[in-house]
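Peer 1: File start00.txt below, compact mmCIF, C-alpha atoms and all ligand atoms:
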# COMPACT_ATOMS: atom_id res chain seq x y z
CA MET A 25 -24.32 -21.54 -33.56
CA PRO A 26 -22.03 -18.56 -34.28
CA SER A 27 -19.22 -18.10 -31.79
CA ILE A 28 -19.75 -15.19 -29.40
CA GLU A 29 -16.33 -13.80 -30.43
CA LYS A 30 -17.71 -13.23 -33.92
CA LEU A 31 -20.70 -11.32 -32.61
CA ILE A 32 -19.00 -8.71 -30.42
CA ARG A 33 -16.20 -6.20 -30.90
CA ARG A 34 -12.81 -7.79 -30.30
CA HIS A 35 -11.58 -5.32 -27.66
CA LEU A 36 -14.65 -6.08 -25.53
CA THR A 37 -14.22 -9.86 -25.34
CA ASP A 38 -11.83 -9.64 -22.38
CA LEU A 39 -12.87 -6.26 -20.94
CA LYS A 40 -12.30 -6.04 -17.19
CA PRO A 41 -15.52 -4.99 -15.40
CA TYR A 42 -15.63 -1.88 -13.20
CA GLU A 43 -14.90 -3.02 -9.65
CA SER A 44 -18.06 -1.90 -7.94
CA ILE A 45 -19.10 -2.57 -4.37
CA ASP A 46 -21.84 -4.91 -3.18
CA PRO A 47 -25.26 -3.43 -2.35
CA VAL A 48 -26.18 -3.02 1.34
CA GLY A 49 -28.72 -5.87 1.26
CA VAL A 50 -26.09 -8.35 0.09
CA VAL A 51 -23.56 -7.27 2.71
CA ALA A 52 -26.17 -7.26 5.49
CA GLU A 53 -27.20 -10.81 4.63
CA ARG A 54 -23.56 -11.93 4.61
CA ALA A 55 -22.99 -10.32 8.03
CA GLY A 56 -26.30 -11.63 9.36
CA ILE A 57 -27.54 -8.20 10.46
CA PRO A 58 -30.53 -6.04 9.40
CA ALA A 59 -29.79 -3.72 6.45
CA GLU A 60 -30.69 -0.62 8.54
CA GLN A 61 -27.82 -1.41 10.89
CA VAL A 62 -25.19 -1.29 8.16
CA ILE A 63 -22.89 1.74 8.38
CA LYS A 64 -21.89 2.55 4.84
CA LEU A 65 -18.51 4.29 4.71
CA ASP A 66 -17.33 2.69 1.46
CA ALA A 67 -18.64 4.83 -1.43
CA ASN A 68 -18.38 8.47 -0.28
CA GLU A 69 -22.15 8.78 -0.27
CA ASN A 70 -23.66 11.57 1.80
CA PRO A 71 -24.33 10.21 5.33
CA TYR A 72 -27.19 12.69 5.73
CA GLY A 73 -29.00 11.71 2.54
CA CYS A 74 -30.54 14.28 0.22
CA SER A 75 -32.51 17.43 1.05
CA PRO A 76 -35.95 16.68 2.57
CA ARG A 77 -37.35 18.99 -0.13
CA VAL A 78 -36.28 16.40 -2.72
CA GLN A 79 -38.11 13.59 -0.87
CA CYS A 80 -41.23 15.68 -0.66
CA ALA A 81 -41.25 16.98 -4.26
CA LEU A 82 -40.64 13.53 -5.72
CA GLY A 83 -43.73 12.23 -3.96
CA GLU A 84 -45.89 15.09 -5.21
CA ALA A 85 -44.75 15.40 -8.84
CA ASP A 86 -47.22 14.45 -11.56
CA SER A 87 -45.01 14.65 -14.66
CA TYR A 88 -43.32 11.23 -14.66
CA HIS A 89 -45.22 10.15 -17.79
CA ILE A 90 -43.66 13.01 -19.81
CA TYR A 91 -40.24 12.69 -21.49
CA PRO A 92 -37.54 14.97 -20.10
CA ASP A 93 -36.00 17.81 -22.14
CA PRO A 94 -33.12 16.44 -24.30
CA LEU A 95 -31.40 19.85 -24.13
CA ASN A 96 -31.76 20.04 -20.32
CA ARG A 97 -32.72 23.72 -20.70
CA GLU A 98 -34.11 24.27 -17.21
CA LEU A 99 -31.32 22.32 -15.51
CA ARG A 100 -28.60 24.15 -17.40
CA GLN A 101 -30.20 27.47 -16.48
CA LEU A 102 -30.27 26.43 -12.81
CA LEU A 103 -26.67 25.22 -13.01
CA ALA A 104 -25.70 28.50 -14.66
CA GLY A 105 -27.04 30.22 -11.55
CA TYR A 106 -25.15 27.81 -9.30
CA THR A 107 -21.81 27.86 -11.15
CA GLY A 108 -21.72 31.32 -12.70
CA PHE A 109 -21.18 29.88 -16.23
CA ASP A 110 -23.64 30.46 -19.08
CA PRO A 111 -25.84 27.46 -19.99
CA GLN A 112 -23.92 26.85 -23.25
CA TYR A 113 -20.87 26.01 -21.10
CA ILE A 114 -22.80 23.31 -19.21
CA ALA A 115 -23.56 19.68 -20.10
CA VAL A 116 -25.65 17.49 -17.82
CA GLY A 117 -25.07 13.75 -17.55
CA SER A 118 -26.50 10.72 -15.82
CA GLY A 119 -23.83 11.07 -13.17
CA SER A 120 -20.40 12.39 -14.07
CA ASP A 121 -19.69 8.77 -15.03
CA GLU A 122 -21.83 9.26 -18.14
CA LEU A 123 -19.90 12.41 -19.00
CA ILE A 124 -16.60 10.50 -18.73
CA ASP A 125 -17.99 7.95 -21.18
CA LEU A 126 -19.32 10.67 -23.52
CA ILE A 127 -16.00 12.52 -23.54
CA LEU A 128 -14.14 9.33 -24.47
CA ARG A 129 -16.65 8.40 -27.17
CA LEU A 130 -16.24 11.93 -28.47
CA THR A 131 -12.45 11.76 -28.66
CA LEU A 132 -11.11 8.21 -29.04
CA GLU A 133 -10.42 6.18 -32.15
CA PRO A 134 -9.43 2.58 -31.31
CA GLY A 135 -5.81 2.58 -30.14
CA ASP A 136 -5.82 6.24 -29.06
CA ARG A 137 -4.23 6.94 -25.68
CA VAL A 138 -5.56 8.28 -22.40
CA ILE A 139 -3.28 9.39 -19.58
CA ASN A 140 -4.32 8.22 -16.12
CA CYS A 141 -2.59 9.09 -12.83
CA PRO A 142 -2.96 6.22 -10.35
CA PRO A 143 -3.79 5.70 -7.61
CA THR A 144 -7.05 7.34 -8.63
CA PHE A 145 -10.72 6.82 -9.56
CA GLY A 146 -11.27 3.63 -11.57
CA MET A 147 -13.79 4.89 -14.10
CA TYR A 148 -11.25 6.42 -16.50
CA PRO A 149 -9.47 3.15 -17.41
CA PHE A 150 -12.82 1.35 -17.45
CA SER A 151 -14.48 3.70 -19.96
CA THR A 152 -11.26 3.96 -21.98
CA GLY A 153 -11.34 0.16 -22.32
CA VAL A 154 -14.97 0.20 -23.45
CA CYS A 155 -14.06 2.70 -26.17
CA GLY A 156 -11.07 0.63 -27.35
CA GLY A 157 -8.55 3.19 -26.13
CA GLU A 158 -5.24 2.48 -24.47
CA ILE A 159 -4.44 3.63 -20.93
CA VAL A 160 -1.04 5.16 -20.26
CA ASN A 161 -0.43 5.22 -16.53
CA VAL A 162 1.70 8.04 -15.14
CA PRO A 163 1.81 7.26 -11.41
CA ARG A 164 1.47 9.97 -8.79
CA GLY A 165 4.50 10.79 -6.63
CA PRO A 166 5.15 9.61 -3.04
CA ASP A 167 2.91 12.42 -1.73
CA TYR A 168 0.30 11.53 -4.41
CA SER A 169 0.84 14.73 -6.36
CA VAL A 170 0.61 14.38 -10.14
CA ASN A 171 3.93 14.19 -11.96
CA VAL A 172 3.46 17.02 -14.46
CA ALA A 173 6.83 16.57 -16.16
CA ALA A 174 6.25 12.84 -16.63
CA ILE A 175 2.74 13.44 -18.02
CA ARG A 176 4.10 16.01 -20.47
CA SER A 177 6.76 13.63 -21.71
CA ALA A 178 4.21 10.78 -21.97
CA VAL A 179 2.09 12.82 -24.39
CA ASP A 180 2.51 11.64 -27.98
CA GLN A 181 0.67 11.79 -31.31
CA ARG A 182 -1.98 9.34 -30.11
CA THR A 183 -2.72 10.97 -26.72
CA ARG A 184 -6.25 12.35 -26.72
CA VAL A 185 -7.20 12.89 -23.05
CA ILE A 186 -5.49 13.48 -19.68
CA PHE A 187 -7.62 12.75 -16.59
CA ILE A 188 -6.84 14.56 -13.31
CA THR A 189 -9.02 14.07 -10.22
CA SER A 190 -8.87 17.03 -7.82
CA PRO A 191 -9.30 16.47 -4.95
CA ASN A 192 -8.11 13.01 -5.87
CA ASN A 193 -10.14 9.95 -4.93
CA PRO A 194 -8.93 8.08 -2.85
CA THR A 195 -5.93 10.19 -1.72
CA GLY A 196 -7.78 13.46 -1.03
CA ASN A 197 -5.16 15.91 -2.35
CA LEU A 198 -5.66 18.79 -4.80
CA THR A 199 -3.77 19.46 -8.02
CA SER A 200 -2.71 23.11 -8.26
CA GLU A 201 -3.92 25.51 -10.94
CA GLY A 202 -0.29 25.95 -12.00
CA ASP A 203 0.02 22.22 -12.68
CA ILE A 204 -3.24 22.19 -14.67
CA LEU A 205 -2.01 25.18 -16.73
CA GLN A 206 1.16 23.27 -17.59
CA LEU A 207 -0.91 20.28 -18.73
CA LEU A 208 -3.18 22.55 -20.80
CA GLU A 209 -0.08 23.73 -22.69
CA THR A 210 0.18 20.24 -24.25
CA GLU A 211 -3.06 21.11 -26.12
CA VAL A 212 -4.39 17.65 -25.25
CA LEU A 213 -7.89 17.60 -23.73
CA VAL A 214 -7.50 17.86 -19.94
CA VAL A 215 -10.45 16.59 -17.88
CA VAL A 216 -10.37 17.75 -14.26
CA ASP A 217 -12.79 15.70 -12.17
CA GLU A 218 -13.96 17.89 -9.27
CA ALA A 219 -16.46 15.43 -7.78
CA TYR A 220 -15.58 16.75 -4.29
CA TYR A 221 -15.55 20.46 -5.22
CA GLU A 222 -18.09 21.48 -2.58
CA PHE A 223 -15.90 19.99 0.17
CA ALA A 224 -12.62 21.43 -1.16
CA GLU A 225 -13.85 24.80 -2.45
CA ALA A 226 -11.03 24.93 -5.00
CA SER A 227 -11.67 24.81 -8.73
CA VAL A 228 -10.00 25.33 -12.07
CA ALA A 229 -13.37 26.04 -13.75
CA PRO A 230 -12.50 29.78 -14.16
CA LEU A 231 -9.88 28.63 -16.73
CA VAL A 232 -12.49 27.07 -19.04
CA PRO A 233 -13.44 30.21 -21.05
CA SER A 234 -9.77 30.84 -21.93
CA HIS A 235 -8.83 27.15 -22.47
CA ALA A 236 -10.91 25.20 -24.98
CA ASN A 237 -9.09 21.96 -24.08
CA LEU A 238 -10.21 22.02 -20.41
CA ILE A 239 -13.30 20.17 -19.16
CA VAL A 240 -14.31 20.31 -15.48
CA LEU A 241 -16.58 17.56 -14.14
CA ARG A 242 -18.82 17.90 -11.09
CA THR A 243 -21.56 15.78 -9.55
CA PHE A 244 -24.60 15.95 -7.26
CA SER A 245 -23.80 12.46 -5.94
CA LYS A 246 -21.61 13.44 -3.03
CA TRP A 247 -22.42 16.89 -1.61
CA ALA A 248 -26.14 16.86 -2.48
CA GLY A 249 -26.74 13.19 -1.60
CA LEU A 250 -28.18 12.29 -5.01
CA ALA A 251 -25.92 9.33 -5.95
CA GLY A 252 -28.96 7.12 -6.56
CA LEU A 253 -30.62 9.63 -8.91
CA ARG A 254 -27.56 10.13 -11.14
CA VAL A 255 -26.80 13.75 -11.92
CA GLY A 256 -23.43 15.10 -12.93
CA TYR A 257 -22.41 18.04 -15.06
CA ALA A 258 -19.49 19.35 -17.04
CA ILE A 259 -18.22 22.88 -17.55
CA LEU A 260 -16.66 23.02 -20.99
CA SER A 261 -16.15 24.97 -24.18
CA PRO A 262 -19.47 25.73 -25.93
CA GLN A 263 -18.02 24.34 -29.21
CA ILE A 264 -17.31 20.92 -27.68
CA ASN A 265 -20.57 21.05 -25.76
CA GLU A 266 -22.52 21.51 -28.96
CA VAL A 267 -21.15 18.16 -30.21
CA ILE A 268 -21.86 16.50 -26.84
CA TYR A 269 -25.51 17.58 -27.16
CA ARG A 270 -25.67 16.11 -30.67
CA MET A 271 -24.27 12.72 -29.64
CA LYS A 272 -25.69 12.07 -26.17
CA LEU A 273 -28.80 9.96 -25.60
CA PRO A 274 -31.72 12.41 -25.65
CA TYR A 275 -33.35 11.29 -22.40
CA ASN A 276 -30.28 10.72 -20.23
CA ILE A 277 -31.65 12.79 -17.32
CA THR A 278 -34.87 11.52 -15.74
CA ILE A 279 -37.71 13.77 -14.61
CA ALA A 280 -36.99 12.59 -11.05
CA ALA A 281 -33.38 13.76 -11.37
CA GLU A 282 -34.53 17.14 -12.74
CA ILE A 283 -36.82 17.61 -9.75
CA ALA A 284 -34.05 16.59 -7.36
CA VAL A 285 -31.63 19.17 -8.75
CA ARG A 286 -34.25 21.94 -8.68
CA GLU A 287 -35.14 21.20 -5.04
CA SER A 288 -31.52 20.76 -3.94
CA LEU A 289 -30.52 24.13 -5.38
CA ALA A 290 -33.52 25.67 -3.60
CA ASP A 291 -32.30 24.23 -0.29
CA MET A 292 -28.69 25.38 -0.24
CA ASP A 293 -28.66 26.48 3.40
CA TYR A 294 -29.65 22.98 4.48
CA LEU A 295 -27.15 21.24 2.20
CA GLN A 296 -24.32 23.60 3.10
CA GLY A 297 -25.03 22.87 6.77
CA LYS A 298 -24.51 19.17 6.03
CA ILE A 299 -21.30 19.87 4.11
CA ARG A 300 -20.01 21.79 7.15
CA ALA A 301 -21.01 18.89 9.43
CA ILE A 302 -19.07 16.47 7.20
CA LEU A 303 -16.00 18.74 7.20
CA THR A 304 -16.11 19.06 10.99
CA GLU A 305 -16.50 15.29 11.33
CA ARG A 306 -13.63 14.68 8.89
CA GLU A 307 -11.31 16.61 11.22
CA ARG A 308 -12.58 14.76 14.30
CA LEU A 309 -12.24 11.35 12.60
CA PHE A 310 -8.71 12.31 11.53
CA GLN A 311 -7.67 13.28 15.09
CA GLU A 312 -9.33 10.26 16.73
CA LEU A 313 -7.70 7.82 14.30
CA LYS A 314 -4.29 9.41 14.93
CA VAL A 315 -4.76 9.05 18.68
CA GLN A 316 -5.99 5.46 18.37
CA GLY A 317 -2.96 4.42 16.31
CA ILE A 318 -4.45 1.55 14.29
CA LEU A 319 -5.06 3.49 11.09
CA ASP A 320 -2.92 6.44 10.01
CA PRO A 321 -5.00 8.90 7.96
CA ILE A 322 -3.51 11.38 5.50
CA PRO A 323 -4.99 14.89 5.22
CA SER A 324 -7.89 15.09 2.76
CA ARG A 325 -9.85 17.82 0.97
CA GLY A 326 -12.65 15.35 0.11
CA SER A 327 -15.40 13.68 2.14
CA PHE A 328 -13.21 10.67 2.95
CA LEU A 329 -9.86 9.77 4.51
CA LEU A 330 -7.27 7.43 3.07
CA CYS A 331 -5.58 5.59 5.93
CA ARG A 332 -2.47 3.45 6.06
CA VAL A 333 -2.98 0.40 8.24
CA VAL A 334 -0.38 0.57 11.02
CA LYS A 335 -1.48 -2.50 13.02
CA GLY A 336 -2.71 -5.57 11.18
CA GLU A 337 -3.58 -6.20 7.53
CA ALA A 338 -5.83 -3.84 5.55
CA LEU A 339 -7.91 -6.58 3.93
CA GLU A 340 -8.44 -8.39 7.25
CA ILE A 341 -9.52 -5.20 9.02
CA LYS A 342 -11.91 -4.42 6.16
CA GLN A 343 -13.43 -7.91 6.49
CA ASP A 344 -13.61 -7.75 10.30
CA LEU A 345 -15.38 -4.39 10.08
CA GLU A 346 -17.78 -5.80 7.51
CA LYS A 347 -18.73 -8.63 9.90
CA ARG A 348 -19.77 -5.87 12.31
CA GLY A 349 -21.79 -4.11 9.60
CA ILE A 350 -19.28 -1.33 8.94
CA LEU A 351 -18.28 -0.95 5.30
CA VAL A 352 -15.04 0.72 4.24
CA ARG A 353 -13.18 0.61 0.92
CA TYR A 354 -10.21 -1.67 0.27
CA TYR A 355 -8.38 -1.64 -3.07
CA ASP A 356 -6.44 -4.63 -4.31
CA VAL A 357 -4.10 -2.44 -6.40
CA HIS A 358 -0.51 -1.25 -6.31
CA ARG A 359 0.23 1.26 -3.49
CA LEU A 360 -3.19 0.81 -1.85
CA ARG A 361 -3.01 -2.78 -0.53
CA ASP A 362 -1.95 -1.57 2.93
CA LYS A 363 -4.59 1.15 3.01
CA LEU A 364 -8.31 1.69 3.58
CA ARG A 365 -10.50 4.55 2.43
CA ILE A 366 -13.11 5.61 4.95
CA SER A 367 -15.95 7.92 3.94
CA VAL A 368 -16.76 10.51 6.59
CA GLY A 369 -20.03 9.59 8.29
CA ARG A 370 -22.15 11.08 11.03
CA PRO A 371 -20.57 11.51 14.50
CA GLU A 372 -22.23 8.30 15.74
CA HIS A 373 -20.71 6.42 12.76
CA THR A 374 -17.25 7.63 13.80
CA ASP A 375 -17.89 6.43 17.37
CA THR A 376 -19.04 2.98 16.23
CA LEU A 377 -16.09 2.66 13.84
CA LEU A 378 -13.53 3.58 16.53
CA ARG A 379 -15.08 1.11 18.97
CA ALA A 380 -15.03 -1.66 16.36
CA LEU A 381 -11.40 -0.94 15.47
CA SER A 382 -10.35 -1.20 19.12
CA GLU A 383 -12.17 -4.54 19.39
CA ILE A 384 -10.52 -5.84 16.21
CA CYS A 385 -7.04 -4.75 17.32
CA PRO A 386 -7.19 -5.15 21.12
CA GLY A 387 -4.36 -4.14 23.42
CA LEU A 388 -3.51 -0.93 21.58
C1 LIG B 401 -17.96 9.50 -6.97
C2 LIG B 401 -17.08 10.00 -8.05
C3 LIG B 401 -17.58 10.20 -9.34
C4 LIG B 401 -18.91 9.65 -9.73
O1 LIG B 401 -19.86 10.58 -9.82
P1 LIG B 401 -21.30 10.22 -10.39
O2 LIG B 401 -21.77 11.58 -10.68
O3 LIG B 401 -22.03 9.52 -9.30
O4 LIG B 401 -21.17 9.38 -11.63
C5 LIG B 401 -16.77 10.75 -10.30
N1 LIG B 401 -15.49 11.03 -10.02
C6 LIG B 401 -14.96 10.81 -8.81
C7 LIG B 401 -13.55 11.13 -8.55
C8 LIG B 401 -15.74 10.29 -7.80
O5 LIG B 401 -15.20 10.01 -6.60
Could you express the structure from this file as structure tokens?
Ligand SMILES: *Cc1c(COP(=O)(O)O)cnc(C)c1O
Peer 2:
Amino acid sequence: MPSIEKLIRRHLTDLKPYESIDPVGVVAERAGIPAEQVIKLDANENPYGCSPRVQCALGEADSYHIYPDPLNRELRQLLAGYTGFDPQYIAVGSGSDELIDLILRLTLEPGDRVINCPPTFGMYPFSTGVCGGEIVNVPRGPDYSVNVAAIRSAVDQRTRVIFITSPNNPTGNLTSEGDILQLLETEVLVVVDEAYYEFAEASVAPLVPSHANLIVLRTFSKWAGLAGLRVGYAILSPQINEVIYRMKLPYNITIAAEIAVRESLADMDYLQGKIRAILTERERLFQELKVQGILDPIPSRGSFLLCRVVKGEALEIKQDLEKRGILVRYYDVHRLRDKLRISVGRPEHTDTLLRALSEICPGL
């Protein structure tokens, strides 16, 4: 028997897995409640689901036995209409997660460096590890803004990519265009992850045509409620995009995902109504939490609120909520151990959450 170590690449033998969350069914069973009663506020999914047009079209389509277009021609044309960028500026991925992986496979030799600004989204260190790259952490400041000067001095000969999430997950704050411009001056590839763009309505995408080292990532997972169908896209220089289209798996976007994007973009009034409902509810949840005094939220431009736990322990509150079927996100990492991230739900989800919190921390 050969040893497993001899069969697989050395940097993958002790790779840390991506810390994902348990599926609803598993949590429901643990809590002893029906899965339909679970209130899922732990993954920033859309509490209203996808457009009903998507549901309908997926049932009626008759093209599932045909391979999708490797060049995503129709999707890129539709996204050109949505974003205002020509199709050659647009790459489509199986979620923006796939685009993160593609960008790192495109750029990293083993030992190359990637700058990450924690606390932030966990996919950048994960995919960097898979590619054999090395993460250089440049922590965000006390107000969670990126430390531009520290990033610039961390750049060295081996730095290939800088990841900036804006609005940041889980802290909810934007990075200014001025800061991004200063990072672009390093001439390192700067990837700005705008997964929550539709909630924040701020973007650095207009800088792409004049800055070949800028890539903007977006997704249909959050605003359009398509997390389960996996569609993300990048806005990037046509020269880099041409290489992406040579290296990516040809059939990364399913026919179902193509249909879902087409129908979502044909139902913008509906989806924008849901975005507005989420933004309104985010402000109500913020105010109610402040008044209640158990969790202290910080202002957010995303579809979630990061809250410092004022009374009690974050992990215990997370677990007590879970026993009641309410899922929120806890991170066992530096600077977030006393905090919870709560995705904005429907108004009735806010009400149930507030009631549960007052039961967990009585006498407040
Ligand atoms: C949710 C999220 C993503 C993942 O998007 P997918 O398109 O579902 O892969 C990417 N970046 C950030 C910051 C996110 O919060």
Peer 1: With all atoms of ligand LIG 401 (chain B) from the file as input, state the centre and edge lengths in Å to one decimal of the axis-aligned box that has 5 Å extra on each side, as lines of an AutoDock Vina configuration file.
Peer 2:
center_x = -17.8
center_y = 10.5
center_z = -9.1
size_x = 18.5
size_y = 12.2
size_z = 15.0
Peer 1: Can you pull out every residue with an atom within 10 Å of ligand LIG 401 (chain B)? Use all atoms listed in the file and format it as a count of residues only.
Peer 2: 47
Peer 1: Around (-19.2, -8.5, 13.2) in the file's frame, which residues reach within 8 Å when counting only C-alpha atoms? Return as a short mmCIF file (atom, residue, chain, number, x, y, z; two decimals) with C-alpha atoms, keeping the file's coordinate frame?
Peer 2:
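The resulting file, out_3.cif, is shown below:
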data_model
loop_
_atom_site.label_atom_id
_atom_site.label_comp_id
_atom_site.auth_asym_id
_atom_site.auth_seq_id
_atom_site.Cartn_x
_atom_site.Cartn_y
_atom_site.Cartn_z
CA ALA A 55 -22.99 -10.32 8.03
CA ASP A 344 -13.61 -7.75 10.30
CA LEU A 345 -15.38 -4.39 10.08
CA GLU A 346 -17.78 -5.80 7.51
CA LYS A 347 -18.73 -8.63 9.90
CA ARG A 348 -19.77 -5.87 12.31
CA GLY A 349 -21.79 -4.11 9.60
#
Peer 1: Could you give me, as a PyMOL selection string, the residues that sit within 12 Å of (-26.6, 16.7, 6.1) in the file's coordinates, counting all atoms listed in the file?
Peer 2: chain A and resi 69-76+246-249+288+291-305+368-371
Peer 1: Please indicate the distance in Å from atom CA of A:Glu222 to atom CA of A:Val138, rounded to one decimal place.
Peer 2: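 Distance reported for this atom pair: 26.9 Å.
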Peer 1: Which residues are near A:Ser234? Cut-off 12 Å, all atoms listed in the file, ignore same chain within fewer than 3 positions. Put them as number ranges by chain.
Peer 2: A: 205, 208, 228-231, 237-239, 260-262
Peer 1: For the contact check between stretch 179-288 of chain A and stretch 95-114 of chain A, emit one row per residue of stretch 179-288 of chain A within 10 Å, containing the shortest atom pair and the distance in Å rounded to one decimal, counting all atoms listed in the file, chain then rising number order, as JSON lines.
Peer 2:
{"residue": "A:Ala229", "atom": "CA", "partner": "A:Thr107", "partner_atom": "CA", "distance": 9.0}
{"residue": "A:Pro230", "atom": "CA", "partner": "A:Phe109", "partner_atom": "CA", "distance": 8.9}
{"residue": "A:Val232", "atom": "CA", "partner": "A:Tyr113", "partner_atom": "CA", "distance": 8.7}
{"residue": "A:Pro233", "atom": "CA", "partner": "A:Tyr113", "partner_atom": "CA", "distance": 8.5}
{"residue": "A:Ile239", "atom": "CA", "partner": "A:Tyr113", "partner_atom": "CA", "distance": 9.8}
{"residue": "A:Val240", "atom": "CA", "partner": "A:Ile114", "partner_atom": "CA", "distance": 9.7}
{"residue": "A:Leu241", "atom": "CA", "partner": "A:Ile114", "partner_atom": "CA", "distance": 9.9}
{"residue": "A:Tyr257", "atom": "CA", "partner": "A:Ile114", "partner_atom": "CA", "distance": 6.7}
{"residue": "A:Ala258", "atom": "CA", "partner": "A:Ile114", "partner_atom": "CA", "distance": 5.6}
{"residue": "A:Ile259", "atom": "CA", "partner": "A:Ile114", "partner_atom": "CA", "distance": 4.9}
{"residue": "A:Leu260", "atom": "CA", "partner": "A:Tyr113", "partner_atom": "CA", "distance": 5.2}
{"residue": "A:Ser261", "atom": "CA", "partner": "A:Tyr113", "partner_atom": "CA", "distance": 5.7}
{"residue": "A:Pro262", "atom": "CA", "partner": "A:Tyr113", "partner_atom": "CA", "distance": 5.0}
{"residue": "A:Gln263", "atom": "CA", "partner": "A:Gln112", "partner_atom": "CA", "distance": 8.8}
{"residue": "A:Ile264", "atom": "CA", "partner": "A:Tyr113", "partner_atom": "CA", "distance": 9.0}
{"residue": "A:Asn265", "atom": "CA", "partner": "A:Tyr113", "partner_atom": "CA", "distance": 6.8}
{"residue": "A:Glu266", "atom": "CA", "partner": "A:Gln112", "partner_atom": "CA", "distance": 7.9}
{"residue": "A:Tyr269", "atom": "CA", "partner": "A:Leu95", "partner_atom": "CA", "distance": 7.0}
{"residue": "A:Arg270", "atom": "CA", "partner": "A:Leu95", "partner_atom": "CA", "distance": 9.5}
{"residue": "A:Lys272", "atom": "CA", "partner": "A:Leu95", "partner_atom": "CA", "distance": 9.9}
{"residue": "A:Pro274", "atom": "CA", "partner": "A:Leu95", "partner_atom": "CA", "distance": 7.6}
{"residue": "A:Tyr275", "atom": "CA", "partner": "A:Leu95", "partner_atom": "CA", "distance": 8.9}
{"residue": "A:Asn276", "atom": "CA", "partner": "A:Asn96", "partner_atom": "CA", "distance": 9.4}
{"residue": "A:Ile277", "atom": "CA", "partner": "A:Asn96", "partner_atom": "CA", "distance": 7.8}
{"residue": "A:Ala281", "atom": "CA", "partner": "A:Leu99", "partner_atom": "CA", "distance": 9.7}
{"residue": "A:Glu282", "atom": "CA", "partner": "A:Leu99", "partner_atom": "CA", "distance": 6.7}
{"residue": "A:Ile283", "atom": "CA", "partner": "A:Leu99", "partner_atom": "CA", "distance": 9.3}
{"residue": "A:Val285", "atom": "CA", "partner": "A:Leu99", "partner_atom": "CA", "distance": 7.5}
{"residue": "A:Arg286", "atom": "CA", "partner": "A:Leu102", "partner_atom": "CA", "distance": 7.3}
Peer 1: Please produce an output containing C-alpha atoms for each residue in the selection, written as a PDB file, in the frame of the given file.
Peer 2:
ATOM      1  CA  ALA A 229     -13.370  26.040 -13.750  1.00  0.00           C
ATOM      2  CA  PRO A 230     -12.500  29.780 -14.160  1.00  0.00           C
ATOM      3  CA  VAL A 232     -12.490  27.070 -19.040  1.00  0.00           C
ATOM      4  CA  PRO A 233     -13.440  30.210 -21.050  1.00  0.00           C
ATOM      5  CA  ILE A 239     -13.300  20.170 -19.160  1.00  0.00           C
ATOM      6  CA  VAL A 240     -14.310  20.310 -15.480  1.00  0.00           C
ATOM      7  CA  LEU A 241     -16.580  17.560 -14.140  1.00  0.00           C
ATOM      8  CA  TYR A 257     -22.410  18.040 -15.060  1.00  0.00           C
ATOM      9  CA  ALA A 258     -19.490  19.350 -17.040  1.00  0.00           C
ATOM     10  CA  ILE A 259     -18.220  22.880 -17.550  1.00  0.00           C
ATOM     11  CA  LEU A 260     -16.660  23.020 -20.990  1.00  0.00           C
ATOM     12  CA  SER A 261     -16.150  24.970 -24.180  1.00  0.00           C
ATOM     13  CA  PRO A 262     -19.470  25.730 -25.930  1.00  0.00           C
ATOM     14  CA  GLN A 263     -18.020  24.340 -29.210  1.00  0.00           C
ATOM     15  CA  ILE A 264     -17.310  20.920 -27.680  1.00  0.00           C
ATOM     16  CA  ASN A 265     -20.570  21.050 -25.760  1.00  0.00           C
ATOM     17  CA  GLU A 266     -22.520  21.510 -28.960  1.00  0.00           C
ATOM     18  CA  TYR A 269     -25.510  17.580 -27.160  1.00  0.00           C
ATOM     19  CA  ARG A 270     -25.670  16.110 -30.670  1.00  0.00           C
ATOM     20  CA  LYS A 272     -25.690  12.070 -26.170  1.00  0.00           C
ATOM     21  CA  PRO A 274     -31.720  12.410 -25.650  1.00  0.00           C
ATOM     22  CA  TYR A 275     -33.350  11.290 -22.400  1.00  0.00           C
ATOM     23  CA  ASN A 276     -30.280  10.720 -20.230  1.00  0.00           C
ATOM     24  CA  ILE A 277     -31.650  12.790 -17.320  1.00  0.00           C
ATOM     25  CA  ALA A 281     -33.380  13.760 -11.370  1.00  0.00           C
ATOM     26  CA  GLU A 282     -34.530  17.140 -12.740  1.00  0.00           C
ATOM     27  CA  ILE A 283     -36.820  17.610  -9.750  1.00  0.00           C
ATOM     28  CA  VAL A 285     -31.630  19.170  -8.750  1.00  0.00           C
ATOM     29  CA  ARG A 286     -34.250  21.940  -8.680  1.00  0.00           C
TER      30      ARG A 286
END
Peer 1: I need the residue nearest A:Val185 from this list: A:Thr131, A:Ser382, A:Ser27, A:Gln206. Use all atoms listed in the file for the distance.
Peer 2: A:Thr131
Peer 1: Which residues, written as a list of chain:residue names, have at least one atom at most 8 Å from A:Ala59, with all atoms listed in the file counted and residues fewer than 5 positions away on the same chain left out?
Peer 2: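 Surrounding residues, per the criterion: A:Val48, A:Gly49, A:Ala52, A:Glu53.
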Peer 1: What gap, in Å, lies between atom CA of A:Leu330 and atom CA of A:Pro58?
Peer 2: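 A separation of 27.6 Å between them.
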Peer 1: Of the residues A:Thr374, A:Gln61, A:Asn140, A:Thr183, which is the one nearest to A:Val162, using all atoms listed in the file?
Peer 2: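 Closest to A:Val162, using all atoms listed in the file: A:Asn140.
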Peer 1: Identify which of the residues A:Ser44, A:Ser227, A:Gln181, A:Asn197 lies closest to A:Phe150, counting only C-alpha atoms when measuring atom-to-atom distances.
Peer 2: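 Among A:Ser44, A:Ser227, A:Gln181, A:Asn197, it is A:Ser44 that comes nearest to A:Phe150.
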